[in-house]
Amino acid sequence: GDIFGVRGVEVSVEENPGSSAYWTGLAFVVAGAPLWSTASGADAWTYDSSAIPWGNETVYRVVARSSNTAGDYSSVYATATFTYDASIPISSVTTPARLSSVSSLPLIAGTAADLIPGDSRLSSVEVRLRRLSDDLWWDFAAGAWSAAAVSTNPVGLANWTLTPSTALLAGLTHLTSYYIATRAKDNAAPANAGDFYSDGSSTFTFLDTSPPAQVTDLSASTGPSPGTISLAWTAPG
């Protein structure tokens, strides 16, 4: 602690460190020395930066200094340098192809990217599957259709894949359309996240072309009237 007590904290924001462009409270201007703005609070302080026109993919240096009631400033200033990243990463489904009709679904696959150089890079990809006949979502954990949208993380980031479970494959219905939604997140704080309902999503129709299994329990018995027989069997599905 300081025997005189903390008087307050001041903050200096420089755009593109080394450029000497400092925030005045109204704009960034080139100055021969750092320009300081007063923060709120003392021991615990905050600085309202909502008026700063942060530039995407721009580097900033923020310096904070404190002073005591005697007018002395801290000998060491706290410094943080960061890149402001407002770019939204994208994720797109490549398999199955958009508006395709498929008779099997061995794999759901796609690509994702944080496109602008210097971005914070991908942190995760999410995938959702919706049945359009009743707008139910596939719950990847429960293995059943659900009214709530449930996401899962595929394997990989830039090139990602998701292998449908046996339960999911059994839950696909002939001549039914499905919507695969996907989005990506980056490592910014807080993270930038894409939209599940983006152009990268895919709709496909499932066609069940597999013939049913052979009937193995066909039996015959005397019918209810002369000259007739009764046949019984179990449909294999």
# chains A, B, ... in the order shown; residues from 1 in each chain; ligands from 1
>>> residues_around(residues="Val76 (chain A)", least_positions_apart="3", cutoff="12 Å", atoms="only C-alpha atoms", output="ChimeraX atom specification")
/A:63-67,72-73,79
>>> residues_around(residues="Ser198 (chain A)", least_positions_apart="2", cutoff="12 Å", atoms="only C-alpha atoms", output="ChimeraX atom specification")
/A:88-93,179-184,193-196,200-203
>>> atom_distance(atom1="CA of Asp217 (chain A)", atom2="CA of Thr234 (chain A)")
6.6 Å
>>> closest_residue(among="A:Thr216, A:Thr111, A:Gly223, A:Ser87", to="Ala235 (chain A)", atoms="only C-alpha atoms")
A:Thr216
>>> select_by_dssp(residues="region 26-166 of chain A", states="strand (DSSP E or B)", output="PyMOL selection string")
chain A and resi 28-30+37-38+40-41+45-46+58-68+73+78-84+90-95+100-102+108-113+122-131+136-139+144-146+152+155+159-162
>>> atom_distance(atom1="CA of Ser165 (chain A)", atom2="CA of Tyr197 (chain A)")
23.6 Å
>>> atom_distance(atom1="CA of Ala39 (chain A)", atom2="CA of Arg7 (chain A)")
11.0 Å
>>> closest_residue(among="A:Leu99, A:Ala188, A:Tyr84, A:Tyr60", to="Leu122 (chain A)", atoms="only C-alpha atoms")
A:Ala188
>>> closest_atom_pairs(of="region 15-124 of chain A", to="region 142-164 of chain A", cutoff="10 Å", atoms="only C-alpha atoms", output="tab-separated table")
residue	atom	partner	partner_atom	distance
A:Ile90	CA	A:Ala158	CA	9.9
A:Ser91	CA	A:Ala158	CA	8.5
A:Ser92	CA	A:Trp160	CA	9.7
A:Val93	CA	A:Trp160	CA	9.2
A:Thr94	CA	A:Trp160	CA	9.8
A:Thr95	CA	A:Thr161	CA	9.0
A:Leu105	CA	A:Pro164	CA	7.3
A:Pro106	CA	A:Thr163	CA	6.5
A:Leu107	CA	A:Thr163	CA	4.9
A:Ile108	CA	A:Leu162	CA	5.0
A:Ala109	CA	A:Thr161	CA	4.3
A:Gly110	CA	A:Trp160	CA	5.4
A:Thr111	CA	A:Asn159	CA	4.6
A:Ala112	CA	A:Ala158	CA	4.6
A:Ala113	CA	A:Ala158	CA	5.8
A:Asp114	CA	A:Ala158	CA	8.9
A:Arg121	CA	A:Ala158	CA	9.9
A:Leu122	CA	A:Leu157	CA	6.9
A:Ser123	CA	A:Leu157	CA	7.7
A:Ser124	CA	A:Leu157	CA	6.5
>>> closest_residue(among="A:Leu115, A:Val102, A:Ala141, A:Ala44", to="Thr205 (chain A)", atoms="only C-alpha atoms")
A:Val102
>>> residues_around(residues="Ser20 (chain A)", least_positions_apart="6", cutoff="10 Å", atoms="only C-alpha atoms", output="NGL selection string")
:A and (13-14 or 28-35)
>>> residues_around(residues="Ser101 (chain A)", least_positions_apart="6", cutoff="10 Å", atoms="only C-alpha atoms", output="PDB file with C-alpha atoms, in the first residue's frame")
ATOM      1  CA  LEU A 175     -37.919 -39.282 -48.508  1.00  0.00           C
ATOM      2  CA  THR A 176     -37.328 -36.955 -45.551  1.00  0.00           C
ATOM      3  CA  SER A 177     -35.219 -33.798 -45.776  1.00  0.00           C
ATOM      4  CA  THR A 203     -29.966 -29.520 -46.728  1.00  0.00           C
ATOM      5  CA  PHE A 204     -30.230 -33.084 -48.063  1.00  0.00           C
ATOM      6  CA  THR A 205     -32.941 -35.679 -48.631  1.00  0.00           C
ATOM      7  CA  PHE A 206     -32.529 -39.249 -47.425  1.00  0.00           C
ATOM      8  CA  LEU A 207     -33.583 -42.117 -49.693  1.00  0.00           C
TER       9      LEU A 207
END
>>> closest_residue(among="A:Ala220, A:Ala42, A:Tyr178, A:Asn56", to="Asp135 (chain A)", atoms="only C-alpha atoms")
A:Tyr178
>>> select_by_dssp(residues="region 13-179 of chain A", states="alpha helix (DSSP H)", output="ChimeraX atom specification")
/A:166-170
